[in-house]
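For reference, protein.csv is printed below; it contains CSV, C-alpha atoms and all ligand atoms.
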chain,number,residue,atom,x,y,z
A,1,MET,CA,65.1,-40.8,-47.0
A,2,LYS,CA,64.6,-38.7,-43.8
A,3,LEU,CA,61.6,-36.5,-43.2
A,4,LEU,CA,60.8,-34.0,-40.5
A,5,ILE,CA,57.2,-33.4,-39.5
A,6,VAL,CA,56.3,-30.3,-37.5
A,7,GLU,CA,52.8,-30.7,-36.2
A,8,ASP,CA,51.3,-29.7,-32.8
A,9,GLU,CA,48.1,-31.7,-33.2
A,10,GLN,CA,48.9,-35.0,-31.7
A,11,LYS,CA,46.6,-37.1,-33.7
A,12,ILE,CA,47.7,-35.7,-37.0
A,13,GLY,CA,51.3,-36.0,-36.0
A,14,ASP,CA,51.1,-39.6,-35.0
A,15,TYR,CA,49.0,-40.5,-38.0
A,16,LEU,CA,51.6,-38.9,-40.4
A,17,ARG,CA,54.5,-40.4,-38.6
A,18,GLN,CA,53.0,-43.9,-38.7
A,19,GLY,CA,52.0,-43.7,-42.4
A,20,LEU,CA,55.2,-42.3,-43.6
A,21,THR,CA,57.3,-44.8,-41.6
A,22,GLU,CA,55.2,-47.6,-43.1
A,23,ALA,CA,55.9,-46.1,-46.5
A,24,GLY,CA,59.6,-46.6,-45.8
A,25,PHE,CA,60.8,-43.2,-44.7
A,26,VAL,CA,62.7,-42.4,-41.5
A,27,VAL,CA,60.6,-39.8,-39.7
A,28,ASP,CA,61.3,-37.2,-37.0
A,29,LEU,CA,58.3,-35.6,-35.4
A,30,ALA,CA,58.4,-32.3,-33.6
A,31,ARG,CA,55.3,-31.4,-31.7
A,32,ASN,CA,55.9,-27.7,-31.3
A,33,GLY,CA,57.5,-24.8,-33.3
A,34,LEU,CA,60.6,-24.5,-31.1
A,35,ASP,CA,61.6,-28.1,-31.5
A,36,GLY,CA,60.6,-28.0,-35.1
A,37,HIS,CA,62.7,-24.9,-35.7
A,38,HIS,CA,65.7,-26.5,-34.0
A,39,LEU,CA,65.5,-29.8,-35.9
A,40,ALA,CA,64.8,-28.2,-39.2
A,41,MET,CA,67.9,-25.9,-38.8
A,42,THR,CA,70.3,-28.5,-37.5
A,43,GLY,CA,69.0,-31.8,-39.0
A,44,ASP,CA,69.8,-33.3,-42.4
A,45,TYR,CA,66.4,-33.9,-43.9
A,46,ASP,CA,65.2,-34.7,-47.4
A,47,LEU,CA,61.9,-33.0,-46.9
A,48,VAL,CA,60.0,-31.1,-44.2
A,49,ILE,CA,56.2,-31.2,-43.6
A,50,LEU,CA,55.4,-28.1,-41.8
A,51,ASP,CA,52.1,-27.1,-40.1
A,52,ILE,CA,51.6,-23.4,-40.3
A,53,MET,CA,49.5,-22.9,-37.1
A,54,LEU,CA,51.8,-23.7,-34.2
A,55,PRO,CA,51.4,-22.3,-30.7
A,56,ASP,CA,54.9,-20.9,-30.3
A,57,ILE,CA,56.9,-20.2,-33.5
A,58,ASN,CA,54.6,-20.5,-36.5
A,59,GLY,CA,55.5,-22.5,-39.6
A,60,LEU,CA,56.1,-19.5,-41.7
A,61,LYS,CA,58.8,-18.3,-39.3
A,62,ILE,CA,60.5,-21.7,-39.5
A,63,LEU,CA,60.3,-21.6,-43.3
A,64,SER,CA,61.8,-18.1,-43.4
A,65,SER,CA,64.6,-19.1,-41.1
A,66,LEU,CA,65.4,-22.1,-43.3
A,67,ARG,CA,65.4,-20.1,-46.5
A,68,GLU,CA,67.4,-17.2,-45.0
A,69,ALA,CA,70.0,-19.8,-43.9
A,70,GLY,CA,70.2,-20.9,-47.6
A,71,ASN,CA,68.6,-24.3,-46.8
A,72,ARG,CA,66.6,-25.4,-49.9
A,73,VAL,CA,65.1,-28.5,-48.4
A,74,PRO,CA,61.7,-29.1,-50.0
A,75,VAL,CA,58.9,-27.9,-47.7
A,76,LEU,CA,55.3,-29.0,-47.9
A,77,PHE,CA,53.1,-26.9,-45.6
A,78,LEU,CA,49.8,-27.8,-44.0
A,79,THR,CA,47.2,-25.2,-43.6
A,80,ALA,CA,43.9,-25.5,-41.8
A,81,ARG,CA,42.1,-23.0,-44.0
A,82,ASP,CA,41.9,-23.0,-47.8
A,83,THR,CA,42.3,-19.3,-48.2
A,84,VAL,CA,44.2,-17.9,-51.2
A,85,GLU,CA,46.0,-15.6,-48.8
A,86,ASP,CA,47.4,-18.4,-46.7
A,87,ARG,CA,48.6,-20.3,-49.8
A,88,VAL,CA,50.2,-17.3,-51.4
A,89,THR,CA,51.9,-16.3,-48.1
A,90,GLY,CA,53.3,-19.8,-47.7
A,91,LEU,CA,54.6,-20.1,-51.2
A,92,GLU,CA,56.0,-16.6,-51.0
A,93,HIS,CA,58.0,-17.6,-47.9
A,94,GLY,CA,59.6,-20.4,-50.0
A,95,ALA,CA,57.4,-23.4,-49.5
A,96,ASP,CA,57.3,-25.9,-52.4
A,97,ASP,CA,53.7,-27.1,-52.0
A,98,TYR,CA,50.8,-27.1,-49.6
A,99,LEU,CA,47.9,-29.3,-48.5
A,100,VAL,CA,44.7,-28.1,-46.9
A,101,LYS,CA,43.5,-30.0,-43.8
A,102,PRO,CA,41.8,-32.4,-43.7
A,103,PHE,CA,43.6,-34.3,-46.4
A,104,ALA,CA,43.8,-38.0,-47.4
A,105,PHE,CA,47.0,-39.7,-46.5
A,106,ALA,CA,47.4,-41.0,-50.1
A,107,GLU,CA,47.3,-37.4,-51.3
A,108,LEU,CA,50.1,-36.4,-48.9
A,109,LEU,CA,52.2,-39.3,-49.9
A,110,ALA,CA,51.9,-38.5,-53.5
A,111,ARG,CA,52.9,-34.9,-52.9
A,112,VAL,CA,55.8,-36.0,-50.8
A,113,ARG,CA,57.1,-38.3,-53.5
A,114,THR,CA,56.7,-35.7,-56.2
A,115,LEU,CA,58.6,-33.1,-54.1
A,116,LEU,CA,61.4,-35.6,-53.4
A,117,ARG,CA,61.8,-36.3,-57.1
A,118,ARG,CA,61.6,-32.7,-58.1
A,119,GLY,CA,63.5,-31.3,-55.2
A,120,GLY,CA,66.8,-32.8,-55.5
A,121,GLY,CA,70.2,-33.0,-57.0
A,122,PRO,CA,71.6,-35.9,-58.9
A,123,SER,CA,70.9,-38.5,-56.2
A,124,LEU,CA,67.1,-38.0,-56.6
A,125,ASP,CA,66.6,-39.7,-60.0
A,126,SER,CA,63.4,-41.7,-59.9
A,127,ARG,CA,65.3,-44.8,-61.0
A,128,LEU,CA,68.5,-46.3,-59.5
A,129,ARG,CA,70.5,-48.9,-61.5
A,130,VAL,CA,73.4,-51.1,-60.5
A,131,ALA,CA,74.3,-53.7,-63.1
A,132,ASP,CA,70.9,-55.4,-64.0
A,133,LEU,CA,69.3,-54.4,-60.7
A,134,GLU,CA,66.8,-51.5,-61.0
A,135,LEU,CA,64.9,-49.7,-58.4
A,136,ASP,CA,62.0,-47.5,-59.4
A,137,LEU,CA,61.5,-45.0,-56.6
A,138,LEU,CA,58.3,-43.6,-58.1
A,139,LYS,CA,56.5,-46.9,-58.6
A,140,ARG,CA,58.3,-48.5,-55.6
A,141,ARG,CA,59.3,-51.5,-57.6
A,142,ALA,CA,62.5,-53.4,-57.8
A,143,THR,CA,63.6,-55.7,-60.7
A,144,ARG,CA,66.7,-57.8,-61.4
A,145,ALA,CA,67.3,-58.7,-65.0
A,146,GLY,CA,63.7,-57.5,-65.7
A,147,LYS,CA,62.2,-59.9,-63.1
A,148,PRO,CA,60.2,-58.3,-60.3
A,149,ILE,CA,61.5,-58.6,-56.8
A,150,LYS,CA,59.0,-58.2,-53.9
A,151,LEU,CA,60.3,-56.1,-51.1
A,152,THR,CA,58.9,-54.9,-47.8
A,153,ALA,CA,59.0,-51.2,-47.1
A,154,LYS,CA,62.1,-51.6,-44.9
A,155,GLU,CA,63.9,-53.8,-47.5
A,156,PHE,CA,63.1,-51.2,-50.1
A,157,ALA,CA,64.6,-48.5,-48.0
A,158,LEU,CA,67.6,-50.6,-47.3
A,159,LEU,CA,68.2,-51.4,-50.9
A,160,GLU,CA,67.7,-47.8,-51.9
A,161,LEU,CA,70.4,-46.7,-49.4
A,162,LEU,CA,72.8,-49.4,-50.6
A,163,MET,CA,72.2,-48.4,-54.3
A,164,ARG,CA,72.5,-44.7,-53.7
A,165,ARG,CA,75.9,-45.3,-52.0
A,166,LYS,CA,77.1,-47.9,-54.4
A,167,GLY,CA,80.7,-48.9,-53.9
A,168,GLU,CA,80.8,-47.5,-50.4
A,169,VAL,CA,81.2,-49.6,-47.3
A,170,LEU,CA,78.2,-48.7,-45.1
A,171,PRO,CA,78.7,-49.4,-41.4
A,172,ARG,CA,75.9,-51.0,-39.5
A,173,SER,CA,75.5,-47.8,-37.4
A,174,LEU,CA,74.9,-45.8,-40.5
A,175,ILE,CA,72.4,-48.3,-41.9
A,176,ALA,CA,70.6,-48.3,-38.5
A,177,SER,CA,70.2,-44.6,-38.4
A,178,GLN,CA,69.2,-44.2,-42.0
A,179,VAL,CA,66.8,-47.1,-42.4
A,180,TRP,CA,65.6,-47.9,-38.9
A,181,ASP,CA,66.0,-44.6,-37.1
A,182,MET,CA,67.7,-46.4,-34.2
A,183,ASN,CA,71.0,-46.2,-32.5
A,184,PHE,CA,73.8,-48.6,-33.1
A,185,ASP,CA,73.5,-49.8,-29.5
A,186,SER,CA,70.1,-51.2,-30.2
A,187,ASP,CA,69.6,-54.6,-31.6
A,188,THR,CA,71.9,-54.6,-34.7
A,189,ASN,CA,71.0,-58.2,-35.4
A,190,VAL,CA,68.0,-56.6,-37.1
A,191,ILE,CA,70.3,-55.3,-39.8
A,192,ASP,CA,72.1,-58.6,-40.4
A,193,VAL,CA,68.8,-60.4,-40.7
A,194,ALA,CA,67.4,-57.8,-43.1
A,195,ILE,CA,70.5,-58.0,-45.3
A,196,ARG,CA,70.3,-61.8,-45.4
A,197,ARG,CA,66.7,-61.6,-46.6
A,198,LEU,CA,67.5,-58.9,-49.1
A,199,ARG,CA,70.4,-60.9,-50.4
A,200,VAL,CA,68.2,-63.9,-51.1
A,201,LYS,CA,65.8,-61.8,-53.0
A,202,VAL,CA,68.4,-59.7,-54.9
A,203,ASP,CA,71.3,-62.1,-55.5
A,204,GLU,CA,70.1,-65.7,-55.4
A,205,GLY,CA,70.0,-67.1,-58.9
A,206,PHE,CA,71.7,-64.1,-60.4
A,207,GLU,CA,75.2,-63.2,-61.4
A,208,PRO,CA,77.2,-61.2,-60.4
A,209,ARG,CA,76.5,-61.0,-56.6
A,210,LEU,CA,75.9,-57.4,-55.7
A,211,ILE,CA,75.5,-57.3,-51.9
A,212,HIS,CA,78.8,-57.8,-50.2
A,213,THR,CA,79.8,-58.2,-46.5
A,214,VAL,CA,82.9,-56.3,-45.6
A,215,ARG,CA,84.1,-58.2,-42.5
A,216,GLY,CA,84.3,-56.1,-39.4
A,217,MET,CA,83.1,-53.0,-41.3
A,218,GLY,CA,79.7,-53.3,-42.7
A,219,TYR,CA,77.9,-53.9,-46.0
A,220,MET,CA,78.4,-52.7,-49.6
A,221,LEU,CA,76.5,-53.0,-52.8
A,222,ASP,CA,78.7,-53.0,-55.9
A,223,ALA,CA,79.0,-54.6,-59.3
A,224,PRO,CA,82.3,-55.5,-61.0
A,225,GLU,CA,83.5,-53.2,-63.8
A,226,GLY,CA,81.8,-53.9,-67.1
A,227,SER,CA,78.7,-55.7,-65.8
A,228,ALA,CA,75.7,-55.3,-68.0
A,229,PRO,CA,73.8,-52.0,-67.4
B,1,CA,CA,48.5,-26.7,-35.8

Please express the file's structure as structure tokens.
Amino acid sequence: MKLLIVEDEQKIGDYLRQGLTEAGFVVDLARNGLDGHHLAMTGDYDLVILDIMLPDINGLKILSSLREAGNRVPVLFLTARDTVEDRVTGLEHGADDYLVKPFAFAELLARVRTLLRRGGGPSLDSRLRVADLELDLLKRRATRAGKPIKLTAKEFALLELLMRRKGEVLPRSLIASQVWDMNFDSDTNVIDVAIRRLRVKVDEGFEPRLIHTVRGMGYMLDAPEGSAP
């Protein structure tokens, strides 16, 4: 899942980016309104965290542009003052939720997850299932045949991507950009190593095997027809 943060205060921006990255999201950070506006309008994000008070284009303007363009991406706005007026204005402009600064990171993360669940189409169910493999996006837990699988944040993000795109061959370049936020030119060995580790956790000792290597093309998660739900 890819998030955009628009925040001009460097400390808060860095803190949010680090925390959300560690939570398994791919994060773009814009440090001013102009960049934020451009990224929000052109990028493909699952959620936008938008500071209202920005030195150039303010957050409300960015929000209006998004909604006028028919973009329904969930928006969580950050406001420095807890005034009713600010909140109402933000929500009137089409924001989905807000947080008043200062806030605890755990609170932000909870809001983000709620919005992602609420916000989306069919791909945003809180549970993904392929055969007897299940991923609970809300509780951040994976199980196979009812047995818990311990995953790192990156492994979770990788498995989530593979399960969402079940039956599709995913090129390494796509996996790199969606899970690691890096270009294909970077060290793609990272992906092969992560897949190998994930495969041990997900497939070893279970039938059928779900994670497949498609030689020269990439990786795919799939179950044969008729495997147990
Ligand atoms: Ca600000």

Spatial neighbours of stretch 130-138 of chain A, 8 Å, all atoms listed in the file, chain gap at least 2 places, as a list in words: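 Neighbouring residues, sequence-local ones excluded: Arg113, Ser126, Arg127, Leu128, Arg140, Arg141, Ala142, Thr143, Arg144, Ala145, Gly146, Glu160, Met163, Lys166, Val202, Asp222, Ala223, Ser227, Ala228 and Pro229 of chain A.
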
Export of the given selection (C-alpha atoms) as a tab-separated table (two decimals), keeping the file's coordinate frame:
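Resulting contents of out_27.tsv:
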chain	number	residue	atom	x	y	z
A	113	ARG	CA	57.10	-38.30	-53.50
A	126	SER	CA	63.40	-41.70	-59.90
A	127	ARG	CA	65.30	-44.80	-61.00
A	128	LEU	CA	68.50	-46.30	-59.50
A	140	ARG	CA	58.30	-48.50	-55.60
A	141	ARG	CA	59.30	-51.50	-57.60
A	142	ALA	CA	62.50	-53.40	-57.80
A	143	THR	CA	63.60	-55.70	-60.70
A	144	ARG	CA	66.70	-57.80	-61.40
A	145	ALA	CA	67.30	-58.70	-65.00
A	146	GLY	CA	63.70	-57.50	-65.70
A	160	GLU	CA	67.70	-47.80	-51.90
A	163	MET	CA	72.20	-48.40	-54.30
A	166	LYS	CA	77.10	-47.90	-54.40
A	202	VAL	CA	68.40	-59.70	-54.90
A	222	ASP	CA	78.70	-53.00	-55.90
A	223	ALA	CA	79.00	-54.60	-59.30
A	227	SER	CA	78.70	-55.70	-65.80
A	228	ALA	CA	75.70	-55.30	-68.00
A	229	PRO	CA	73.80	-52.00	-67.40

With a cut-off of 6 Å, could you pull out the residues of chain A touching ligand CA 1 (chain B) and give me the nearest pair of atoms for each, distance in Å to one decimal, using all atoms listed in the file, ordered by chain and ascending number, as JSON lines?
{"residue": "A:Glu7", "atom": "CA", "partner": "B:CA1", "partner_atom": "CA", "distance": 5.9}
{"residue": "A:Asp8", "atom": "CA", "partner": "B:CA1", "partner_atom": "CA", "distance": 5.1}
{"residue": "A:Glu9", "atom": "CA", "partner": "B:CA1", "partner_atom": "CA", "distance": 5.6}
{"residue": "A:Asp51", "atom": "CA", "partner": "B:CA1", "partner_atom": "CA", "distance": 5.6}
{"residue": "A:Met53", "atom": "CA", "partner": "B:CA1", "partner_atom": "CA", "distance": 4.1}
{"residue": "A:Leu54", "atom": "CA", "partner": "B:CA1", "partner_atom": "CA", "distance": 4.7}

In Å, with one decimal, what is the gap from atom CA of A:Arg72 to atom CA of A:Leu91?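 Separation between atom CA of A:Arg72 and atom CA of A:Leu91: 13.2 Å.
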
Hey, what's within 7 Å of stretch 62-64 of chain A if we count all atoms listed in the file and toss same-chain stuff fewer than 6 positions away? As an MDAnalysis selection string, please? chainID A and resid 37 93:94

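With only C-alpha atoms taken into account, every residue lying no more than 7 Å from the file point (50.2, -31.0, -51.2) is included here: Leu76, Asp97, Tyr98, Leu99, Leu108 and Arg111 of chain A.
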
For A:Lys201, which of A:Phe156, A:Leu170, A:Val214, A:Met220 is the closest residue, counting all atoms listed in the file? A:Phe156

At most 12 Å from (68.5, -56.3, -45.0), file frame, only C-alpha atoms: which residues, as a ChimeraX atom specification? /A:151-162,172,175-176,179-180,188-202,211-213,218-221

Long-range neighbours of stretch 56-60 of chain A as a PyMOL selection string, 7 Å cut-off, all atoms listed in the file, 5 positions minimum in chain: chain A and resi 32-34+50-51+90+93

Hey, can you spit out that residue selection with C-alpha atoms as a short mmCIF file (atom, residue, chain, number, x, y, z; two decimals), in the coordinates of the input?
data_model
loop_
_atom_site.label_atom_id
_atom_site.label_comp_id
_atom_site.auth_asym_id
_atom_site.auth_seq_id
_atom_site.Cartn_x
_atom_site.Cartn_y
_atom_site.Cartn_z
CA ASN A 32 55.90 -27.70 -31.30
CA GLY A 33 57.50 -24.80 -33.30
CA LEU A 34 60.60 -24.50 -31.10
CA LEU A 50 55.40 -28.10 -41.80
CA ASP A 51 52.10 -27.10 -40.10
CA GLY A 90 53.30 -19.80 -47.70
CA HIS A 93 58.00 -17.60 -47.90
#

Work out how far atom CA of A:Thr42 is from atom CA of A:Ala106, in Å to one decimal.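 The value is 29.0 Å.
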
Could you tell me how far atom CA of A:Arg31 lies from atom CA of A:Val88, in Å and to one decimal?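 About the pair atom CA of A:Arg31 and atom CA of A:Val88: they are 24.8 Å apart.
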
Measuring between all atoms listed in the file, which one of A:Val112, A:Asp86, A:Lys147, A:Asp44 shows the shortest distance to A:Gly205?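 Selected residue with least distance to A:Gly205: A:Lys147.
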
Rank nothing, just name the residue among A:Gln178, A:Glu225, A:Phe105, A:Arg81 nearest to A:Gln18, using all atoms listed in the file. A:Phe105

A:Gly43 proximity check over A:Leu3, A:Ala69, A:Val169, A:Val75, using all atoms listed in the file: winner is A:Leu3

Min atom-atom distance to A:Tyr15 from the set A:Leu115, A:Phe103, A:Tyr45, A:Ala40, counting only C-alpha atoms, belongs to A:Phe103
